[in-house]
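query_36.tsv follows; it contains TSV, C-alpha atoms.
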```
chain	number	residue	atom	x	y	z
A	1	MET	CA	-35.76	69.66	12.66
A	2	ILE	CA	-33.10	68.41	15.10
A	3	SER	CA	-32.85	70.18	18.43
A	4	SER	CA	-29.48	71.60	19.53
A	5	THR	CA	-29.19	68.99	22.26
A	6	ARG	CA	-29.94	66.18	19.84
A	7	ALA	CA	-27.56	67.60	17.25
A	8	LEU	CA	-24.78	67.66	19.84
A	9	LEU	CA	-25.27	63.98	20.56
A	10	LEU	CA	-25.39	63.12	16.88
A	11	GLY	CA	-21.99	64.70	16.43
A	12	CYS	CA	-20.63	62.83	19.42
A	13	LEU	CA	-22.06	59.53	18.23
A	14	SER	CA	-21.04	59.78	14.58
A	15	LEU	CA	-20.48	56.58	12.62
A	16	ALA	CA	-22.88	54.73	14.94
A	17	LEU	CA	-20.43	54.56	17.83
A	18	LEU	CA	-21.40	54.53	21.45
A	19	SER	CA	-22.31	57.48	23.63
A	20	CYS	CA	-19.77	60.08	24.73
A	21	SER	CA	-19.40	58.49	28.18
A	22	SER	CA	-19.01	54.92	26.93
A	23	LYS	CA	-16.11	52.87	28.26
A	24	ASP	CA	-15.50	51.57	24.75
A	25	ASN	CA	-14.56	55.10	23.68
A	26	SER	CA	-12.41	55.91	26.70
A	27	GLU	CA	-10.42	52.74	27.32
A	28	PRO	CA	-7.31	52.05	25.23
A	29	PRO	CA	-7.67	49.23	22.73
A	30	ALA	CA	-6.19	45.89	23.73
A	31	GLU	CA	-2.75	45.02	22.40
A	32	LEU	CA	-2.78	42.26	19.82
A	33	SER	CA	-1.65	38.92	21.19
A	34	GLU	CA	0.53	36.36	19.47
A	35	ILE	CA	-1.29	33.49	17.77
A	36	GLU	CA	0.08	29.96	18.13
A	37	GLN	CA	-0.12	27.88	14.95
A	38	ALA	CA	-2.00	30.61	13.16
A	39	ILE	CA	-3.88	29.67	10.02
A	40	ASP	CA	-2.51	31.18	6.83
A	41	LEU	CA	-4.83	33.85	5.44
A	42	GLN	CA	-4.51	35.51	2.06
A	43	VAL	CA	-5.69	38.73	0.42
A	44	ARG	CA	-7.10	37.65	-2.95
A	45	TRP	CA	-7.62	41.19	-4.20
A	46	SER	CA	-8.24	44.76	-3.05
A	47	THR	CA	-10.14	47.53	-4.84
A	48	ASP	CA	-10.60	51.22	-4.05
A	49	THR	CA	-14.31	51.98	-4.36
A	50	ASP	CA	-14.08	55.65	-3.24
A	51	ALA	CA	-17.08	54.88	-1.00
A	52	GLY	CA	-15.39	55.90	2.22
A	53	ALA	CA	-17.25	57.11	5.29
A	54	SER	CA	-17.57	60.87	5.76
A	55	ASN	CA	-18.20	62.51	9.12
A	56	ALA	CA	-21.93	62.41	8.42
A	57	SER	CA	-22.12	58.92	6.99
A	58	LEU	CA	-22.99	55.70	8.72
A	59	ASP	CA	-22.75	52.18	7.39
A	60	MET	CA	-21.76	52.30	3.71
A	61	ARG	CA	-21.75	48.51	3.59
A	62	PRO	CA	-21.66	47.18	0.01
A	63	LEU	CA	-24.51	45.13	-1.40
A	64	LEU	CA	-23.70	41.63	-2.63
A	65	ILE	CA	-25.86	40.29	-5.47
A	66	ASP	CA	-24.83	37.01	-7.08
A	67	ASP	CA	-21.25	37.55	-8.31
A	68	GLN	CA	-21.17	41.33	-8.14
A	69	ILE	CA	-20.64	43.78	-5.30
A	70	LEU	CA	-22.41	47.13	-5.50
A	71	SER	CA	-21.09	50.12	-3.54
A	72	ILE	CA	-22.23	53.74	-3.40
A	73	ASP	CA	-20.12	56.72	-2.32
A	74	ILE	CA	-21.23	59.88	-0.54
A	75	GLU	CA	-21.63	61.68	-3.87
A	76	GLY	CA	-23.92	58.98	-5.24
A	77	GLU	CA	-21.63	57.09	-7.60
A	78	VAL	CA	-22.44	53.37	-7.75
A	79	ASN	CA	-19.71	50.87	-8.66
A	80	SER	CA	-20.30	47.28	-9.70
A	81	ILE	CA	-17.34	45.09	-8.75
A	82	ASN	CA	-16.60	41.55	-9.87
A	83	ALA	CA	-16.53	39.40	-6.70
A	84	GLU	CA	-14.10	36.94	-8.28
A	85	ASN	CA	-11.31	39.35	-9.23
A	86	GLY	CA	-12.17	42.80	-7.82
A	87	ARG	CA	-12.38	44.50	-11.20
A	88	ILE	CA	-14.88	47.29	-11.82
A	89	ASN	CA	-17.69	46.14	-14.13
A	90	TRP	CA	-19.35	49.57	-14.51
A	91	ASP	CA	-20.17	52.76	-12.64
A	92	PHE	CA	-23.29	54.90	-12.51
A	93	GLU	CA	-24.03	58.41	-11.17
A	94	THR	CA	-27.21	58.64	-9.11
A	95	GLY	CA	-26.73	62.21	-7.85
A	96	ILE	CA	-27.85	61.07	-4.38
A	97	GLU	CA	-25.72	62.03	-1.37
A	98	ALA	CA	-25.78	58.67	0.35
A	99	ILE	CA	-25.06	58.06	4.04
A	100	THR	CA	-25.82	54.35	4.03
A	101	GLY	CA	-25.34	51.48	1.62
A	102	LEU	CA	-27.60	50.25	-1.14
A	103	ALA	CA	-30.51	47.83	-0.81
A	104	GLY	CA	-32.04	45.64	-3.46
A	105	ASN	CA	-31.98	42.36	-5.37
A	106	SER	CA	-31.17	41.06	-8.83
A	107	ASP	CA	-33.97	43.19	-10.36
A	108	VAL	CA	-34.03	46.51	-8.50
A	109	ILE	CA	-31.53	48.64	-6.56
A	110	ILE	CA	-32.55	51.20	-3.92
A	111	ALA	CA	-30.49	54.28	-3.00
A	112	THR	CA	-31.25	56.71	-0.13
A	113	SER	CA	-29.87	59.92	1.35
A	114	ALA	CA	-29.69	62.09	4.46
A	115	ASP	CA	-32.22	64.42	2.86
A	116	GLY	CA	-34.85	61.70	2.55
A	117	ASP	CA	-34.20	60.93	-1.12
A	118	LEU	CA	-35.44	57.48	-2.11
A	119	ALA	CA	-34.78	56.18	-5.63
A	120	ALA	CA	-35.29	52.84	-7.39
A	121	TYR	CA	-33.21	51.64	-10.35
A	122	ASN	CA	-33.55	48.66	-12.63
A	123	LEU	CA	-30.40	46.55	-12.44
A	124	LEU	CA	-29.04	45.92	-15.94
A	125	GLU	CA	-25.99	44.00	-17.15
A	126	ASP	CA	-24.05	47.18	-17.86
A	127	GLY	CA	-25.47	49.66	-15.35
A	128	LEU	CA	-28.61	51.06	-13.75
A	129	GLU	CA	-31.77	52.51	-15.21
A	130	LYS	CA	-33.83	54.88	-13.09
A	131	ARG	CA	-37.33	53.60	-12.33
A	132	TRP	CA	-38.60	56.36	-10.02
A	133	SER	CA	-37.57	58.69	-7.20
A	134	ILE	CA	-39.42	60.40	-4.33
A	135	GLN	CA	-38.49	62.33	-1.22
A	136	LEU	CA	-39.48	61.42	2.32
A	137	LYS	CA	-39.26	63.61	5.40
A	138	GLY	CA	-36.22	62.78	7.53
A	139	GLU	CA	-32.80	61.20	7.21
A	140	ILE	CA	-32.61	57.60	6.04
A	141	ARG	CA	-29.82	55.95	8.02
A	142	ALA	CA	-30.68	52.30	7.45
A	143	ALA	CA	-31.04	50.32	4.24
A	144	PRO	CA	-34.69	49.64	3.36
A	145	ALA	CA	-36.14	46.12	3.22
A	146	LEU	CA	-38.14	44.95	0.23
A	147	ASN	CA	-40.36	42.13	-0.97
A	148	GLN	CA	-41.84	41.57	-4.42
A	149	LYS	CA	-44.25	44.53	-4.25
A	150	GLN	CA	-43.07	47.05	-1.66
A	151	LEU	CA	-40.07	48.47	0.10
A	152	PHE	CA	-40.14	49.53	3.74
A	153	VAL	CA	-38.12	52.56	4.81
A	154	ARG	CA	-37.22	53.60	8.36
A	155	THR	CA	-36.37	57.29	8.86
A	156	VAL	CA	-34.66	59.02	11.76
A	157	ALA	CA	-37.90	60.74	12.75
A	158	GLY	CA	-39.38	57.42	13.92
A	159	LYS	CA	-41.42	56.81	10.78
A	160	LEU	CA	-41.84	53.58	8.82
A	161	THR	CA	-43.10	54.03	5.26
A	162	ALA	CA	-44.27	51.40	2.76
A	163	VAL	CA	-43.55	52.37	-0.85
A	164	SER	CA	-44.67	50.68	-4.06
A	165	LEU	CA	-41.77	49.17	-6.00
A	166	VAL	CA	-43.67	49.75	-9.24
A	167	ASP	CA	-44.02	53.53	-9.20
A	168	GLY	CA	-42.84	54.89	-5.83
A	169	ALA	CA	-46.35	55.59	-4.53
A	170	ILE	CA	-46.57	55.77	-0.71
A	171	ASN	CA	-48.94	53.05	0.47
A	172	TRP	CA	-48.87	53.83	4.20
A	173	THR	CA	-46.82	55.47	6.94
A	174	ILE	CA	-46.68	54.92	10.68
A	175	SER	CA	-44.99	57.26	13.13
A	176	ARG	CA	-43.53	56.63	16.59
A	177	ARG	CA	-42.24	59.12	19.14
A	178	ILE	CA	-38.50	59.03	19.60
A	179	PRO	CA	-36.47	59.86	22.72
A	180	ALA	CA	-34.75	63.24	23.01
A	181	LEU	CA	-31.35	61.59	22.48
A	182	THR	CA	-30.49	58.53	20.44
A	183	LEU	CA	-27.55	56.80	18.80
A	184	THR	CA	-26.97	57.85	15.20
A	185	GLY	CA	-27.91	54.53	13.65
A	186	ASN	CA	-31.24	52.88	12.92
A	187	SER	CA	-32.07	49.22	12.46
A	188	SER	CA	-33.25	48.06	9.06
A	189	PRO	CA	-36.73	46.54	8.87
A	190	VAL	CA	-37.07	42.76	8.56
A	191	ILE	CA	-39.81	41.07	6.53
A	192	SER	CA	-41.45	37.88	7.80
A	193	ASN	CA	-44.23	36.58	5.55
A	194	GLU	CA	-46.93	39.30	5.68
A	195	LEU	CA	-45.26	41.17	8.54
A	196	VAL	CA	-42.66	43.94	8.53
A	197	ILE	CA	-40.77	44.07	11.82
A	198	VAL	CA	-38.94	47.16	13.05
A	199	GLY	CA	-36.84	48.12	16.07
A	200	PHE	CA	-37.19	51.62	17.53
A	201	ASP	CA	-35.01	54.00	19.54
A	202	ASP	CA	-37.12	53.58	22.69
A	203	GLY	CA	-36.15	49.91	23.06
A	204	LYS	CA	-39.35	48.54	21.50
A	205	ILE	CA	-39.77	46.18	18.57
A	206	ALA	CA	-43.03	46.03	16.65
A	207	ALA	CA	-44.60	44.10	13.77
A	208	PHE	CA	-46.91	45.70	11.22
A	209	ASP	CA	-49.17	44.26	8.55
A	210	SER	CA	-47.23	44.87	5.34
A	211	LYS	CA	-50.44	45.54	3.38
A	212	ASN	CA	-51.93	48.32	5.51
A	213	GLY	CA	-49.48	49.23	8.31
A	214	GLN	CA	-51.74	48.05	11.12
A	215	THR	CA	-49.87	47.12	14.31
A	216	VAL	CA	-49.93	43.33	14.82
A	217	TRP	CA	-47.84	43.21	17.99
A	218	GLU	CA	-45.37	45.26	20.00
A	219	THR	CA	-42.78	44.09	22.55
A	220	VAL	CA	-40.49	46.03	24.87
A	221	VAL	CA	-36.94	44.70	24.56
A	222	SER	CA	-35.42	47.18	27.03
A	223	HIS	CA	-36.76	49.84	29.39
A	224	PRO	CA	-34.76	53.09	29.76
A	225	VAL	CA	-32.95	53.20	33.11
A	226	GLY	CA	-30.90	56.00	34.65
A	227	ARG	CA	-31.03	59.70	35.45
A	228	THR	CA	-29.40	61.19	32.37
A	229	GLU	CA	-30.55	60.95	28.77
A	230	ILE	CA	-27.30	59.17	27.84
A	231	GLU	CA	-27.81	56.56	30.58
A	232	ARG	CA	-31.35	56.00	29.26
A	233	LEU	CA	-30.29	55.16	25.70
A	234	VAL	CA	-31.78	51.79	24.70
A	235	ASP	CA	-31.69	52.01	20.90
A	236	ILE	CA	-32.24	48.95	18.75
A	237	ASP	CA	-29.77	49.78	15.97
A	238	GLY	CA	-28.25	46.57	14.62
A	239	ARG	CA	-29.68	44.37	11.87
A	240	PHE	CA	-31.53	41.86	13.99
A	241	ILE	CA	-31.82	38.29	12.79
A	242	LEU	CA	-34.87	36.23	11.85
A	243	LYS	CA	-34.36	32.47	11.79
A	244	ASP	CA	-36.87	29.62	12.04
A	245	GLY	CA	-39.63	32.05	13.02
A	246	ILE	CA	-37.61	33.56	15.89
A	247	ILE	CA	-36.27	37.12	16.02
A	248	TYR	CA	-32.98	37.66	17.83
A	249	VAL	CA	-32.53	41.30	18.79
A	250	SER	CA	-30.23	43.31	21.05
A	251	SER	CA	-30.39	46.87	22.36
A	252	TYR	CA	-27.80	49.31	23.59
A	253	GLN	CA	-27.53	49.31	27.41
A	254	GLY	CA	-30.37	46.81	27.50
A	255	LYS	CA	-31.02	43.19	26.65
A	256	LEU	CA	-30.57	40.44	24.11
A	257	ALA	CA	-33.86	38.67	23.47
A	258	ALA	CA	-35.45	35.89	21.42
A	259	ILE	CA	-38.96	36.81	20.25
A	260	GLN	CA	-41.52	34.83	18.28
A	261	ALA	CA	-42.10	36.59	14.95
A	262	VAL	CA	-45.73	35.55	14.67
A	263	ASN	CA	-46.98	37.10	17.94
A	264	GLY	CA	-44.14	39.00	19.65
A	265	ASN	CA	-43.94	36.66	22.65
A	266	GLU	CA	-40.57	36.72	24.36
A	267	LEU	CA	-38.96	33.27	24.68
A	268	TRP	CA	-35.96	34.40	26.69
A	269	SER	CA	-33.86	37.47	27.40
A	270	ARG	CA	-30.61	38.32	29.12
A	271	LYS	CA	-28.77	41.50	30.07
A	272	PHE	CA	-26.66	42.68	27.17
A	273	SER	CA	-25.48	45.90	25.53
A	274	GLY	CA	-24.86	45.97	21.81
A	275	TYR	CA	-25.70	48.03	18.74
A	276	GLN	CA	-24.26	45.81	15.99
A	277	SER	CA	-25.69	43.17	13.71
A	278	MET	CA	-25.37	39.48	14.54
A	279	VAL	CA	-25.15	36.11	12.81
A	280	VAL	CA	-26.75	32.81	13.70
A	281	ASP	CA	-26.37	29.11	12.91
A	282	ASP	CA	-28.34	26.08	14.07
A	283	GLN	CA	-27.00	26.23	17.63
A	284	ALA	CA	-25.82	29.72	18.47
A	285	ILE	CA	-26.07	33.46	17.99
A	286	TYR	CA	-22.73	35.26	17.49
A	287	LEU	CA	-22.50	38.96	18.22
A	288	SER	CA	-20.21	41.79	19.33
A	289	GLY	CA	-20.93	43.65	22.55
A	290	ASP	CA	-20.34	47.36	23.07
A	291	LEU	CA	-16.93	46.68	24.65
A	292	SER	CA	-15.82	44.71	21.58
A	293	HIS	CA	-16.20	41.35	23.32
A	294	ILE	CA	-17.44	38.54	21.08
A	295	TRP	CA	-20.19	36.28	22.38
A	296	SER	CA	-21.59	32.89	21.44
A	297	ILE	CA	-25.11	32.53	22.87
A	298	ASP	CA	-27.28	29.41	22.97
A	299	ARG	CA	-30.28	30.00	20.69
A	300	ARG	CA	-32.54	27.85	22.86
A	301	SER	CA	-31.89	29.34	26.29
A	302	GLY	CA	-29.87	32.55	25.99
A	303	SER	CA	-27.01	31.17	28.07
A	304	ALA	CA	-23.46	31.89	26.93
A	305	PHE	CA	-21.39	29.16	25.31
A	306	TRP	CA	-18.32	31.41	25.46
A	307	LYS	CA	-17.12	35.02	25.54
A	308	GLN	CA	-13.90	36.26	23.94
A	309	ASP	CA	-12.44	39.59	25.16
A	310	VAL	CA	-9.04	39.51	23.47
A	311	LEU	CA	-10.12	42.43	21.24
A	312	HIS	CA	-11.37	44.57	24.12
A	313	ALA	CA	-12.11	48.19	23.07
A	314	ARG	CA	-10.81	47.64	19.52
A	315	LYS	CA	-14.16	48.83	18.11
A	316	ILE	CA	-14.77	45.65	16.16
A	317	THR	CA	-17.41	45.11	13.52
A	318	ALA	CA	-20.31	42.74	13.74
A	319	PRO	CA	-19.12	39.15	13.14
A	320	GLN	CA	-19.55	37.00	10.05
A	321	LEU	CA	-19.52	33.22	9.72
A	322	VAL	CA	-17.40	31.37	7.18
A	323	ASN	CA	-17.48	27.58	7.54
A	324	ASP	CA	-16.43	26.85	11.14
A	325	LYS	CA	-14.81	30.25	11.68
A	326	LEU	CA	-16.07	33.59	12.96
A	327	VAL	CA	-14.63	36.76	11.42
A	328	VAL	CA	-14.51	40.36	12.74
A	329	ALA	CA	-12.51	43.43	11.72
A	330	ASP	CA	-11.23	46.28	13.90
A	331	LEU	CA	-10.23	49.94	14.16
A	332	GLU	CA	-6.69	49.44	12.81
A	333	GLY	CA	-7.61	47.49	9.69
A	334	TYR	CA	-6.96	44.02	11.12
A	335	VAL	CA	-9.28	41.12	10.36
A	336	HIS	CA	-9.43	38.38	13.01
A	337	TRP	CA	-10.58	34.77	12.62
A	338	PHE	CA	-11.91	32.76	15.57
A	339	ASP	CA	-13.01	29.16	16.02
A	340	LYS	CA	-16.78	29.37	16.41
A	341	SER	CA	-16.89	26.33	18.72
A	342	ASP	CA	-14.80	27.81	21.56
A	343	GLY	CA	-13.85	31.38	20.57
A	344	SER	CA	-10.14	30.66	20.27
A	345	LEU	CA	-8.19	33.06	18.04
A	346	LYS	CA	-6.96	31.27	14.92
A	347	GLY	CA	-5.70	33.88	12.48
A	348	ARG	CA	-5.16	37.53	11.67
A	349	ILE	CA	-4.48	39.57	8.56
A	350	ARG	CA	-4.27	43.29	7.84
A	351	PRO	CA	-5.60	44.16	4.39
A	352	SER	CA	-5.59	47.92	5.14
A	353	ASP	CA	-4.58	50.50	7.74
A	354	ALA	CA	-8.02	52.09	8.00
A	355	ARG	CA	-10.80	51.22	10.40
A	356	HIS	CA	-13.39	48.68	9.36
A	357	ILE	CA	-16.96	49.70	10.20
A	358	SER	CA	-19.22	47.38	8.20
A	359	GLN	CA	-19.95	43.77	8.98
A	360	PRO	CA	-17.87	41.54	6.65
A	361	LEU	CA	-19.71	39.90	3.76
A	362	LEU	CA	-19.52	36.25	2.75
A	363	TRP	CA	-19.12	35.31	-0.93
A	364	GLN	CA	-18.65	31.57	-1.54
A	365	ASN	CA	-15.87	30.76	0.95
A	366	ASN	CA	-14.32	34.22	0.84
A	367	ILE	CA	-14.75	37.14	3.23
A	368	LEU	CA	-15.25	40.65	1.85
A	369	VAL	CA	-14.17	43.49	4.16
A	370	PHE	CA	-14.76	47.18	3.61
A	371	ASP	CA	-12.86	49.96	5.39
A	372	SER	CA	-13.69	53.57	6.21
A	373	GLU	CA	-11.63	54.86	3.29
A	374	GLY	CA	-13.55	52.76	0.79
A	375	GLN	CA	-11.10	49.90	0.22
A	376	LEU	CA	-12.82	46.60	-0.47
A	377	SER	CA	-10.77	43.43	0.01
A	378	SER	CA	-11.43	39.74	-0.56
A	379	LEU	CA	-9.83	37.35	1.95
A	380	SER	CA	-9.56	33.58	1.92
A	381	LEU	CA	-7.84	30.57	3.37
A	382	PRO	CA	-5.11	29.13	1.11
```
Before we go any further, please render this structure as structure tokens.
Amino acid sequence: MISSTRALLLGCLSLALLSCSSKDNSEPPAELSEIEQAIDLQVRWSTDTDAGASNASLDMRPLLIDDQILSIDIEGEVNSINAENGRINWDFETGIEAITGLAGNSDVIIATSADGDLAAYNLLEDGLEKRWSIQLKGEIRAAPALNQKQLFVRTVAGKLTAVSLVDGAINWTISRRIPALTLTGNSSPVISNELVIVGFDDGKIAAFDSKNGQTVWETVVSHPVGRTEIERLVDIDGRFILKDGIIYVSSYQGKLAAIQAVNGNELWSRKFSGYQSMVVDDQAIYLSGDLSHIWSIDRRSGSAFWKQDVLHARKITAPQLVNDKLVVADLEGYVHWFDKSDGSLKGRIRPSDARHISQPLLWQNNILVFDSEGQLSSLSLP
């Protein structure tokens, strides 16, 4: 049960935004600047999925599997969309009131709800076939992670549960205390070999043995600092990245850190505040800060290659990489393209008037963007 104080904050922080006192909420968004020699961007297609974000929903990000895009709306209808032309392949009613997007692979699709519903479906050519369903205690605000045998579910109550993909049996559950106040989002678990790695609302990240739930290591990314509960928020809410055995993770009002996945040892850290996902290539990490500044950070040392603040306070999404460009979307439906080498603004297009919340997806050399009203668009260079 959520306390009245906690419920008040949840309302204030809806859609995984920052706290009530955040500068990003109070400052006016930056005016859009002119772009010299802008690259020519095109909208290939747009489709209305009806999977818009309600007041209670979080990240309804679609799931990309091969050449189809799967979306779920708040009433539980799943649409399969052709990534090439935007046409609807099929739809399926799950009956689940979703508040976050689907998880899964080419064999099985996982749907979740605010009431703790957890359901698995076999993915067929012409729809879904229910495999099993169970109910957990607590809201599920982040997409589960899965391997060949299990899926790992993080709930708002600070619990991580391992569930059999075969029949929905609960294999193990661990529980962590959560602070009195938190942001509305949760980070999705990440699987690394036999470990499942999870970020928590108290600024800690921990690895558990996927077979039995035993704690393998735990590392503090950020310590709470300040007098008020809002000042002490240090949630780890974005989808952190695992690459070459290194975890890159950021916390709100805390730090950005590189941590060895095998033992939890910190390689480097720097002061940073962010709650979004990030992307990484061989040289750099690219991420959005809580003031909507875009950063390129050296993977080896944590030093900044560049920072771009031209979209200050425009409530941008997490970035996505496409070739040598970096793509983010903003609160007014604009999608912006930057040169990943120096952060210079190269192009802009407006596929919709609604705010984009989800990190753009990459399909072949096209970018898929999804707005808060459920419009899905495919963008490309000419």
| field | Cut-off 6 Å around (-23.7, 40.0, 16.3) with only C-alpha atoms: residues as a ChimeraX atom specification | value | /A:276-279,286-288,318-319
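Between CA of Ala207 (chain A) and CA of Leu267 (chain A) the separation is 16.4 Å.
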Can you pull out the residues contacting Leu118 (chain A)? Cut-off 8 Å, using only C-alpha atoms, and skip same-chain residues under 4 positions away; I want them as an mmCIF file with C-alpha atoms, in the coordinates of the input.
```cif
data_model
loop_
_atom_site.group_PDB
_atom_site.id
_atom_site.type_symbol
_atom_site.label_atom_id
_atom_site.label_comp_id
_atom_site.auth_asym_id
_atom_site.auth_seq_id
_atom_site.Cartn_x
_atom_site.Cartn_y
_atom_site.Cartn_z
ATOM 1 C CA ILE A 110 -32.550 51.200 -3.920
ATOM 2 C CA ALA A 111 -30.490 54.280 -3.000
ATOM 3 C CA THR A 112 -31.250 56.710 -0.130
ATOM 4 C CA SER A 113 -29.870 59.920 1.350
ATOM 5 C CA SER A 133 -37.570 58.690 -7.200
ATOM 6 C CA ILE A 134 -39.420 60.400 -4.330
ATOM 7 C CA GLN A 135 -38.490 62.330 -1.220
ATOM 8 C CA LEU A 136 -39.480 61.420 2.320
#
```
| task | With a distance cut-off of 6 Å and all atoms listed in the file, select the neighbouring residues of Pro62 (chain A), excluding the residue or stretch itself and same-chain residues fewer than 5 positions from it, and output the selection as a ChimeraX atom specification. | result | /A:70-71,101
| Hey, what's within 9 Å of Pro28 (chain A) if we count all atoms listed in the file and toss same-chain stuff fewer than 5 positions away? As a PyMOL selection string, please? | chain A and resi 312-314
| Selected residue, from A:Asp126, A:Arg44, A:Ala98, A:Leu311, that lies nearest to Gly86 (chain A) when counting all atoms listed in the file | A:Arg44
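The space separating CA of Asp73 (chain A) from CA of Leu326 (chain A) comes to 28.0 Å.
One distance worth recording is that between CA of Ala329 (chain A) and CA of Phe370 (chain A), which is 9.2 Å.
With all atoms listed in the file as the atoms that count, the minimum distance from Gly213 (chain A) to the choices A:Lys159, A:Lys346, A:Lys130, A:Lys315 is reached by A:Lys159.
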| request: For region 301-310 of chain A, work out the shell of residues within 8 Å, counting only C-alpha atoms and skipping chain neighbours fewer than 6 positions away, then give it as a list in words. | output: Ala30, Leu32, Ser33, Ala257, Ala258, Trp268, Ser269, Arg270, Ser292, His293, Ile294, Trp295, Asp342, Gly343 and Ser344 of chain A
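You can rank A:Thr47, A:Thr317, A:Thr94, A:Gln37 by their closest distance to Arg131 (chain A) using all atoms listed in the file, and at the top of that list sits A:Thr94.
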| said: Please return as a list of chain:residue names every residue within 9 Å of (-19.3, 60.6, -5.1), taking into account only C-alpha atoms and the file's own coordinates. | reply: A:Asp50, A:Ala51, A:Ile72, A:Asp73, A:Ile74, A:Glu75, A:Gly76, A:Glu77, A:Val78, A:Glu93, A:Gly95, A:Ile96, A:Glu97, A:Ala98
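With all atoms listed in the file as the basis for measurement, A:Ala120 is the residue among A:Pro189, A:Asp202, A:Ala120, A:Asp67 that approaches Gly168 (chain A) most closely.
The nearest approach to Gln42 (chain A) among the residues A:Thr155, A:Ser341, A:Asn212, A:Ser378, with only C-alpha atoms taken into account, belongs to A:Ser378.
Of the residues under consideration (A:Thr173, A:Gln214, A:His336, A:Gln375), A:Gln375 shows the shortest atom-to-atom contact distance to Ala354 (chain A) when counting all atoms listed in the file.
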| message | Residues near Ile88 (chain A), anyone? I mean within 9 Å using all atoms listed in the file, not counting same-chain ones fewer than 5 positions away, as a PyMOL selection string. | response | chain A and resi 47+49+79-82
Saved selection, atoms kept: C-alpha atoms, as a PDB file, in the coordinates of the input:
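Okay, this is what ended up in selection_34.pdb:
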```pdb
ATOM      1  CA  THR A  47     -10.140  47.530  -4.840  1.00  0.00           C
ATOM      2  CA  THR A  49     -14.310  51.980  -4.360  1.00  0.00           C
ATOM      3  CA  ASN A  79     -19.710  50.870  -8.660  1.00  0.00           C
ATOM      4  CA  SER A  80     -20.300  47.280  -9.700  1.00  0.00           C
ATOM      5  CA  ILE A  81     -17.340  45.090  -8.750  1.00  0.00           C
ATOM      6  CA  ASN A  82     -16.600  41.550  -9.870  1.00  0.00           C
TER       7      ASN A  82
END
```
With the input short on atoms, add N, CA and C atoms back to region 258-270 of chain A and write it as a PDB file, in the frame of the given file.
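Saved as out.pdb:
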```
ATOM      1  N   ALA A 258     -34.892  36.730  22.485  1.00  0.00           N
ATOM      2  CA  ALA A 258     -35.450  35.890  21.420  1.00  0.00           C
ATOM      3  C   ALA A 258     -36.964  36.069  21.455  1.00  0.00           C
ATOM      4  N   ILE A 259     -37.546  36.446  20.320  1.00  0.00           N
ATOM      5  CA  ILE A 259     -38.960  36.810  20.250  1.00  0.00           C
ATOM      6  C   ILE A 259     -39.615  36.065  19.095  1.00  0.00           C
ATOM      7  N   GLN A 260     -40.782  35.507  19.336  1.00  0.00           N
ATOM      8  CA  GLN A 260     -41.520  34.830  18.280  1.00  0.00           C
ATOM      9  C   GLN A 260     -42.040  35.850  17.266  1.00  0.00           C
ATOM     10  N   ALA A 261     -41.721  35.633  15.990  1.00  0.00           N
ATOM     11  CA  ALA A 261     -42.100  36.590  14.950  1.00  0.00           C
ATOM     12  C   ALA A 261     -43.603  36.665  14.755  1.00  0.00           C
ATOM     13  N   VAL A 262     -44.310  35.588  14.980  1.00  0.00           N
ATOM     14  CA  VAL A 262     -45.730  35.550  14.670  1.00  0.00           C
ATOM     15  C   VAL A 262     -46.582  36.351  15.656  1.00  0.00           C
ATOM     16  N   ASN A 263     -46.139  36.440  16.931  1.00  0.00           N
ATOM     17  CA  ASN A 263     -46.980  37.100  17.940  1.00  0.00           C
ATOM     18  C   ASN A 263     -46.231  38.029  18.895  1.00  0.00           C
ATOM     19  N   GLY A 264     -44.902  38.097  18.793  1.00  0.00           N
ATOM     20  CA  GLY A 264     -44.140  39.000  19.650  1.00  0.00           C
ATOM     21  C   GLY A 264     -43.859  38.471  21.041  1.00  0.00           C
ATOM     22  N   ASN A 265     -44.205  37.226  21.326  1.00  0.00           N
ATOM     23  CA  ASN A 265     -43.940  36.660  22.650  1.00  0.00           C
ATOM     24  C   ASN A 265     -42.442  36.459  22.861  1.00  0.00           C
ATOM     25  N   GLU A 266     -41.980  36.880  24.018  1.00  0.00           N
ATOM     26  CA  GLU A 266     -40.570  36.720  24.360  1.00  0.00           C
ATOM     27  C   GLU A 266     -40.305  35.305  24.859  1.00  0.00           C
ATOM     28  N   LEU A 267     -39.335  34.625  24.261  1.00  0.00           N
ATOM     29  CA  LEU A 267     -38.960  33.270  24.680  1.00  0.00           C
ATOM     30  C   LEU A 267     -37.917  33.304  25.775  1.00  0.00           C
ATOM     31  N   TRP A 268     -36.960  34.190  25.646  1.00  0.00           N
ATOM     32  CA  TRP A 268     -35.960  34.400  26.690  1.00  0.00           C
ATOM     33  C   TRP A 268     -35.295  35.747  26.474  1.00  0.00           C
ATOM     34  N   SER A 269     -34.651  36.248  27.515  1.00  0.00           N
ATOM     35  CA  SER A 269     -33.860  37.470  27.400  1.00  0.00           C
ATOM     36  C   SER A 269     -32.750  37.427  28.433  1.00  0.00           C
ATOM     37  N   ARG A 270     -31.721  38.210  28.183  1.00  0.00           N
ATOM     38  CA  ARG A 270     -30.610  38.320  29.120  1.00  0.00           C
ATOM     39  C   ARG A 270     -30.031  39.727  29.014  1.00  0.00           C
TER      40      ARG A 270
END
```
